[in-house]
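**Student:** Contents of structure.csv (CSV, C-alpha atoms) are below:
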chain,number,residue,atom,x,y,z
A,1,MET,CA,-1.4,5.6,-38.1
A,2,LYS,CA,0.1,3.0,-40.4
A,3,ILE,CA,2.7,0.6,-39.0
A,4,LEU,CA,4.4,-2.1,-41.1
A,5,ALA,CA,5.8,-4.9,-38.9
A,6,ILE,CA,8.0,-7.9,-39.4
A,7,GLU,CA,8.9,-10.8,-37.2
A,8,THR,CA,11.4,-13.6,-38.1
A,9,ALA,CA,13.2,-14.3,-34.8
A,10,THR,CA,11.9,-17.9,-34.3
A,11,GLU,CA,10.6,-20.8,-36.4
A,12,ALA,CA,7.6,-18.6,-37.4
A,13,CYS,CA,7.8,-15.9,-40.1
A,14,SER,CA,5.2,-13.1,-40.2
A,15,ALA,CA,4.5,-9.6,-41.5
A,16,ALA,CA,1.7,-7.3,-40.4
A,17,LEU,CA,0.2,-4.0,-41.4
A,18,LEU,CA,-1.6,-2.0,-38.8
A,19,ILE,CA,-3.9,0.8,-40.0
A,20,ASP,CA,-5.4,2.6,-37.1
A,21,ASP,CA,-7.0,-0.3,-35.1
A,22,THR,CA,-7.1,-2.9,-37.9
A,23,VAL,CA,-4.3,-5.4,-38.4
A,24,LEU,CA,-3.7,-7.4,-41.5
A,25,GLU,CA,-1.2,-10.3,-41.1
A,26,ARG,CA,0.6,-13.0,-43.0
A,27,TYR,CA,2.0,-15.8,-40.8
A,28,GLU,CA,3.7,-19.1,-41.5
A,29,LEU,CA,5.5,-21.6,-39.4
A,30,ALA,CA,8.4,-22.3,-41.8
A,31,PRO,CA,11.8,-22.8,-40.2
A,32,GLN,CA,14.7,-21.7,-42.3
A,33,GLN,CA,12.4,-20.2,-45.0
A,34,HIS,CA,12.2,-16.6,-43.7
A,35,ASN,CA,14.5,-15.1,-46.4
A,36,ARG,CA,12.2,-16.5,-49.1
A,37,LEU,CA,8.9,-15.6,-47.4
A,38,ILE,CA,9.2,-12.2,-45.7
A,39,LEU,CA,9.4,-9.9,-48.7
A,40,PRO,CA,6.4,-11.6,-50.6
A,41,MET,CA,4.5,-11.4,-47.3
A,42,ILE,CA,5.1,-7.6,-47.1
A,43,ASP,CA,4.2,-7.1,-50.8
A,44,SER,CA,1.0,-9.1,-50.3
A,45,LEU,CA,-0.1,-7.0,-47.3
A,46,LEU,CA,0.6,-3.7,-49.0
A,47,ALA,CA,-1.3,-4.8,-52.1
A,48,GLU,CA,-4.3,-6.0,-50.1
A,49,ALA,CA,-4.5,-2.7,-48.2
A,50,GLY,CA,-3.8,-0.6,-51.3
A,51,VAL,CA,-1.0,1.1,-49.5
A,52,ARG,CA,2.5,2.0,-50.8
A,53,VAL,CA,5.4,1.4,-48.5
A,54,SER,CA,6.2,5.1,-48.7
A,55,GLN,CA,2.8,5.8,-47.1
A,56,VAL,CA,3.6,3.9,-43.9
A,57,ASP,CA,4.4,6.0,-40.9
A,58,ALA,CA,7.0,3.6,-39.4
A,59,LEU,CA,8.4,0.1,-39.6
A,60,ALA,CA,8.5,-2.1,-36.5
A,61,PHE,CA,10.6,-5.3,-36.3
A,62,GLY,CA,11.1,-8.1,-33.8
A,63,ARG,CA,14.6,-7.2,-32.6
A,64,GLY,CA,15.1,-10.4,-30.6
A,65,PRO,CA,16.0,-12.3,-28.6
A,66,GLY,CA,15.7,-15.4,-30.8
A,67,SER,CA,17.5,-17.3,-33.5
A,68,PHE,CA,20.8,-15.5,-34.5
A,69,THR,CA,20.0,-15.8,-38.2
A,70,GLY,CA,16.3,-15.0,-37.8
A,71,VAL,CA,16.9,-11.8,-35.7
A,72,ARG,CA,19.5,-10.7,-38.3
A,73,ILE,CA,17.0,-11.2,-41.1
A,74,ALA,CA,14.4,-9.0,-39.4
A,75,ALA,CA,16.9,-6.2,-38.7
A,76,GLY,CA,18.4,-6.4,-42.2
A,77,VAL,CA,15.0,-6.2,-43.9
A,78,ALA,CA,13.9,-3.3,-41.6
A,79,GLN,CA,17.1,-1.4,-42.3
A,80,GLY,CA,16.8,-2.0,-46.1
A,81,ILE,CA,13.2,-0.8,-46.3
A,82,SER,CA,13.9,2.1,-44.0
A,83,PHE,CA,16.9,3.4,-45.9
A,84,ALA,CA,15.0,3.0,-49.2
A,85,VAL,CA,11.9,5.1,-48.3
A,86,ASP,CA,13.2,7.1,-45.3
A,87,LEU,CA,11.1,5.4,-42.6
A,88,PRO,CA,11.7,5.6,-38.8
A,89,VAL,CA,12.2,2.2,-37.3
A,90,VAL,CA,10.8,0.8,-34.0
A,91,PRO,CA,12.6,-2.2,-32.4
A,92,VAL,CA,10.2,-4.4,-30.5
A,93,SER,CA,11.2,-7.2,-28.1
A,94,THR,CA,10.1,-10.7,-29.3
A,95,LEU,CA,9.5,-11.6,-25.7
A,96,ALA,CA,7.2,-8.6,-25.4
A,97,ALA,CA,5.3,-9.7,-28.5
A,98,LEU,CA,4.8,-13.1,-27.0
A,99,ALA,CA,3.5,-11.6,-23.8
A,100,GLN,CA,1.1,-9.4,-25.7
A,101,ASP,CA,-0.3,-12.4,-27.5
A,102,ALA,CA,-0.9,-14.1,-24.1
A,103,LEU,CA,-2.4,-11.1,-22.4
A,104,ILE,CA,-4.9,-10.5,-25.3
A,105,GLU,CA,-6.1,-14.1,-25.1
A,106,SER,CA,-6.0,-14.8,-21.4
A,107,PRO,CA,-7.6,-13.0,-18.4
A,108,GLU,CA,-4.4,-13.1,-16.3
A,109,LYS,CA,-2.6,-9.9,-15.7
A,110,VAL,CA,1.0,-11.3,-16.0
A,111,ALA,CA,2.7,-13.3,-18.9
A,112,PHE,CA,5.8,-15.4,-18.5
A,113,SER,CA,7.4,-15.3,-21.9
A,114,CYS,CA,9.9,-18.0,-22.6
A,115,ILE,CA,11.7,-19.0,-25.9
A,116,ASP,CA,13.9,-22.0,-26.2
A,117,ALA,CA,17.4,-20.6,-26.6
A,118,ARG,CA,19.1,-24.0,-27.1
A,119,MET,CA,22.2,-25.1,-25.3
A,120,GLY,CA,20.1,-25.8,-22.2
A,121,GLU,CA,19.0,-22.2,-21.8
A,122,VAL,CA,15.9,-20.1,-22.3
A,123,TYR,CA,15.2,-16.5,-23.2
A,124,TRP,CA,13.0,-15.3,-20.3
A,125,ALA,CA,11.0,-12.2,-19.3
A,126,VAL,CA,8.0,-11.4,-17.2
A,127,TYR,CA,5.4,-8.8,-18.4
A,128,ARG,CA,2.3,-7.4,-16.8
A,129,ARG,CA,-0.8,-5.9,-18.4
A,130,GLY,CA,-0.4,-2.1,-18.3
A,131,GLU,CA,-3.3,0.4,-18.0
A,132,SER,CA,-3.3,0.7,-21.8
A,133,GLY,CA,-3.7,-3.1,-22.1
A,134,LEU,CA,-0.2,-3.5,-23.5
A,135,ALA,CA,2.6,-5.6,-22.1
A,136,GLU,CA,5.0,-3.8,-19.7
A,137,LEU,CA,8.3,-5.4,-18.7
A,138,LEU,CA,8.8,-6.4,-15.0
A,139,GLY,CA,12.5,-6.7,-14.2
A,140,GLU,CA,14.6,-7.4,-17.2
A,141,GLU,CA,15.0,-9.9,-20.1
A,142,SER,CA,17.6,-12.6,-19.7
A,143,VAL,CA,19.0,-15.8,-21.1
A,144,ARG,CA,19.6,-18.5,-18.5
A,145,PRO,CA,19.0,-22.2,-17.6
A,146,ALA,CA,15.4,-22.9,-17.1
A,147,GLU,CA,15.9,-23.9,-13.5
A,148,ARG,CA,17.3,-20.4,-12.8
A,149,VAL,CA,14.5,-18.2,-14.1
A,150,SER,CA,13.4,-15.4,-11.8
A,151,PHE,CA,10.0,-13.9,-11.4
A,152,PRO,CA,8.1,-11.5,-9.1
A,153,ASP,CA,6.5,-13.0,-5.9
A,154,HIS,CA,2.9,-13.9,-6.2
A,155,ALA,CA,2.7,-13.0,-9.9
A,156,GLU,CA,0.0,-15.4,-11.1
A,157,GLY,CA,0.0,-15.5,-14.9
A,158,VAL,CA,0.1,-17.4,-18.2
A,159,GLY,CA,3.2,-19.1,-19.6
A,160,ILE,CA,3.8,-18.7,-23.3
A,161,GLY,CA,6.5,-19.7,-25.9
A,162,SER,CA,8.6,-22.6,-27.1
A,163,GLY,CA,10.6,-22.7,-23.8
A,164,TRP,CA,7.5,-23.9,-22.1
A,165,LYS,CA,7.3,-26.8,-24.5
A,166,THR,CA,10.9,-27.8,-24.0
A,167,TYR,CA,11.3,-27.1,-20.3
A,168,GLY,CA,7.7,-27.1,-19.1
A,169,SER,CA,8.2,-29.4,-16.2
A,170,VAL,CA,11.2,-27.5,-14.9
A,171,LEU,CA,9.5,-24.1,-15.3
A,172,GLN,CA,6.3,-25.3,-13.6
A,173,GLU,CA,8.3,-26.7,-10.7
A,174,ARG,CA,10.1,-23.4,-10.4
A,175,LEU,CA,7.0,-21.2,-10.6
A,176,GLY,CA,4.5,-23.6,-9.0
A,177,SER,CA,0.9,-22.5,-8.7
A,178,ASP,CA,1.7,-19.1,-10.1
A,179,VAL,CA,1.2,-20.5,-13.6
A,180,LYS,CA,-2.5,-20.7,-14.4
A,181,ARG,CA,-2.3,-21.5,-18.1
A,182,ILE,CA,0.4,-22.5,-20.6
A,183,LEU,CA,0.5,-21.7,-24.3
A,184,PRO,CA,3.6,-23.7,-25.4
A,185,ASP,CA,3.1,-23.7,-29.1
A,186,ARG,CA,3.0,-20.0,-29.6
A,187,PHE,CA,5.7,-18.0,-31.4
A,188,PRO,CA,6.1,-14.2,-31.7
A,189,ARG,CA,3.8,-12.7,-34.3
A,190,ALA,CA,4.2,-9.5,-36.4
A,191,ALA,CA,0.6,-8.5,-35.4
A,192,MET,CA,1.8,-8.0,-31.8
A,193,VAL,CA,5.0,-6.3,-32.9
A,194,ALA,CA,2.8,-3.9,-34.9
A,195,ARG,CA,0.6,-3.1,-31.9
A,196,LEU,CA,3.5,-2.6,-29.5
A,197,GLY,CA,5.4,-0.7,-32.2
A,198,ALA,CA,2.5,1.7,-32.8
A,199,ASP,CA,2.4,2.5,-29.1
A,200,ALA,CA,6.1,3.1,-28.9
A,201,PHE,CA,6.1,5.2,-32.1
A,202,GLY,CA,3.2,7.3,-30.7
A,203,SER,CA,5.3,7.9,-27.6
A,204,GLY,CA,8.2,9.2,-29.7
A,205,PHE,CA,10.4,6.1,-29.5
A,206,PHE,CA,12.0,5.2,-32.8
A,207,VAL,CA,15.5,4.9,-34.2
A,208,GLU,CA,17.4,5.7,-37.4
A,209,PRO,CA,17.9,2.8,-39.8
A,210,GLU,CA,21.5,2.2,-38.8
A,211,GLN,CA,20.4,1.8,-35.2
A,212,ALA,CA,17.9,-0.9,-36.0
A,213,LEU,CA,20.1,-3.6,-34.4
A,214,PRO,CA,19.4,-7.1,-33.2
A,215,VAL,CA,19.3,-7.9,-29.5
A,216,TYR,CA,20.6,-11.4,-28.8
A,217,LEU,CA,21.0,-11.3,-25.0
A,218,ARG,CA,23.5,-14.2,-25.2
A,219,ASP,CA,27.1,-13.0,-25.0
A,220,ASN,CA,26.1,-9.3,-25.4
A,221,VAL,CA,26.5,-9.7,-29.2
A,222,ALA,CA,24.6,-6.4,-29.9
A,223,LYS,CA,24.1,-3.2,-28.1
A,224,LYS,CA,20.6,-2.0,-27.4
A,225,PRO,CA,19.5,0.5,-30.0
A,226,GLY,CA,19.3,4.2,-29.0
A,227,SER,CA,16.3,6.4,-29.6
A,228,ARG,CA,15.4,9.8,-30.9
A,229,THR,CA,12.4,12.1,-30.3
What does this structure look like when you write it as structure tokens?

**Tutor:**
Amino acid sequence: MKILAIETATEACSAALLIDDTVLERYELAPQQHNRLILPMIDSLLAEAGVRVSQVDALAFGRGPGSFTGVRIAAGVAQGISFAVDLPVVPVSTLAALAQDALIESPEKVAFSCIDARMGEVYWAVYRRGESGLAELLGEESVRPAERVSFPDHAEGVGIGSGWKTYGSVLQERLGSDVKRILPDRFPRAAMVARLGADAFGSGFFVEPEQALPVYLRDNVAKKPGSRT
């Protein structure tokens, strides 16, 4: 399986190419540079692997939540490539990508994903390690003040994401001893989008290019994309 993935929802910009179990990635922390970086990153990955974009099985993208502009860039690039070479698209949550990063690195079975949403709020979700080793959502993703985050009882885990850097003391007070480790300087990565996208695609979840829509959470700006099998 070959999955091309892009992630531009936060300050970090990245692209990844998964070929079976091997992932190649380009990653750069470059706020407001995503438009300039993402296409050269994709070209570089394909050239390194000796793969044409038409040979890719599916394109996965970080569908949000995150920066309004960043999420739109990822969706727009995904739609453009998909229309050009007739590729199915797999939308992947940026919060899930964060959680997957934490669960790969840490022994904990639960990840508290948190992205600074500005305006005194955070994008928040809790994920557990599934039987396959991939992140599975517990409850729902939300945007809310840090002091109002919700979480399962007795869910010891690792905190990850920029929200922990901005609101770490508030979140730790809220969750208490359930937080065993914090990774506050991590951003969603295309490598994790690729792994989650490959699993979803293998299960028959993908969408048409026109359904590759951003998910903002705030103000219900965009609907959740549908699926086809």

**Student:** Distance CA of Ser82 in chain A-CA of Leu95 in chain A, one decimal place?

**Tutor:**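 For CA of Ser82 in chain A relative to CA of Leu95 in chain A, the distance reads 23.3 Å.
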
**Student:** Restricting the calculation to all atoms listed in the file, which member of A:Ser113, A:Ser44, A:Thr10, A:Gln33 is positioned closest to Leu171 in chain A?

**Tutor:** A:Ser113

**Student:** So that I can see what lies close to Gly139 in chain A, please list as a compact mmCIF listing (two decimals) with C-alpha atoms, keeping the file's coordinate frame the residues with an atom at most 12 Å from it, counting all atoms listed in the file and leaving out residues fewer than 3 positions away in the same chain.

**Tutor:**
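Output file part-v8.txt is given in full below:
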# COMPACT_ATOMS: atom_id res chain seq x y z
CA PHE A 112 5.80 -15.40 -18.50
CA TRP A 124 13.00 -15.30 -20.30
CA ALA A 125 11.00 -12.20 -19.30
CA VAL A 126 8.00 -11.40 -17.20
CA TYR A 127 5.40 -8.80 -18.40
CA ARG A 128 2.30 -7.40 -16.80
CA GLU A 136 5.00 -3.80 -19.70
CA SER A 142 17.60 -12.60 -19.70
CA VAL A 149 14.50 -18.20 -14.10
CA SER A 150 13.40 -15.40 -11.80
CA PHE A 151 10.00 -13.90 -11.40
CA PRO A 152 8.10 -11.50 -9.10

**Student:** Please identify all polymer residues within 9 Å of Asp178 in chain A, counting only C-alpha atoms, omitting same-chain residues fewer than 3 positions from it, and present them as a VMD selection string.

**Tutor:** chain A and resid 153 to 158 172 175

**Student:** If I take CA of Met1 in chain A and CA of Ile81 in chain A, how far is one from the other in Å, to one decimal?

**Tutor:**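 Rounded to one decimal, the two atoms are 17.9 Å apart.
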
**Student:** Could you tell me which of A:Leu17, A:Ile160, A:Val143, A:Leu138 comes closest to Tyr123 in chain A if we count only C-alpha atoms?

**Tutor:** A:Val143

**Student:** Could you name the residues that touch Tyr27 in chain A at 7 Å or less, counting all atoms listed in the file, but leaving out those on the same chain fewer than 3 positions away, as a ChimeraX atom specification?

**Tutor:** /A:13-15

**Student:** List every protein, DNA or RNA residue that has an atom no more than 12 Å from (7.9, -10.7, -37.5) in the file's coordinate frame, counting all atoms listed in the file, and report them as a VMD selection string.

**Tutor:** chain A and resid 4 to 17 25 to 29 34 to 35 37 to 39 41 to 42 59 to 64 66 70 to 75 77 to 78 91 to 95 97 to 98 187 to 195 197

**Student:** My list of candidates is A:Ile19, A:Ala99, A:Ala111, A:Ala58. Which is closest to Val85 in chain A when distances are computed with only C-alpha atoms?

**Tutor:**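 Selected residue with least distance to Val85 in chain A: A:Ala58.
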
**Student:** Gln79 in chain A: which residues within 10 Å, counting only C-alpha atoms, same-chain residues fewer than 4 positions away excluded, as a count of residues only?

**Tutor:** 17

**Student:** CA of Ala200 in chain A and CA of Asp21 in chain A are how many Å apart?

**Tutor:**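 Value for the CA of Ala200 in chain A-CA of Asp21 in chain A distance: 14.9 Å.
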
**Student:** Anything within 9 Å of (-1.7, -7.2, -22.5): list those residues as a PyMOL selection string, counting only C-alpha atoms and sticking to the file's coordinates.

**Tutor:** chain A and resi 99-106+108-111+127-136

**Student:** Which residue is closest to Ile115 in chain A? Choose from A:Pro40, A:Gly202, A:Gly159, A:Gly80 and count all atoms listed in the file.

**Tutor:** A:Gly159

**Student:** Could you tell me which of A:Pro31, A:Pro214, A:Pro145, A:Gly161 comes closest to Arg118 in chain A if we count all atoms listed in the file?

**Tutor:** A:Pro145

**Student:** Select, from A:Leu45, A:Ala146, A:Cys114, A:Val207, the residue with the minimum atom-to-atom distance to Gly163 in chain A, counting all atoms listed in the file.

**Tutor:**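 With all atoms listed in the file as the atom set, the closest residue is A:Cys114.
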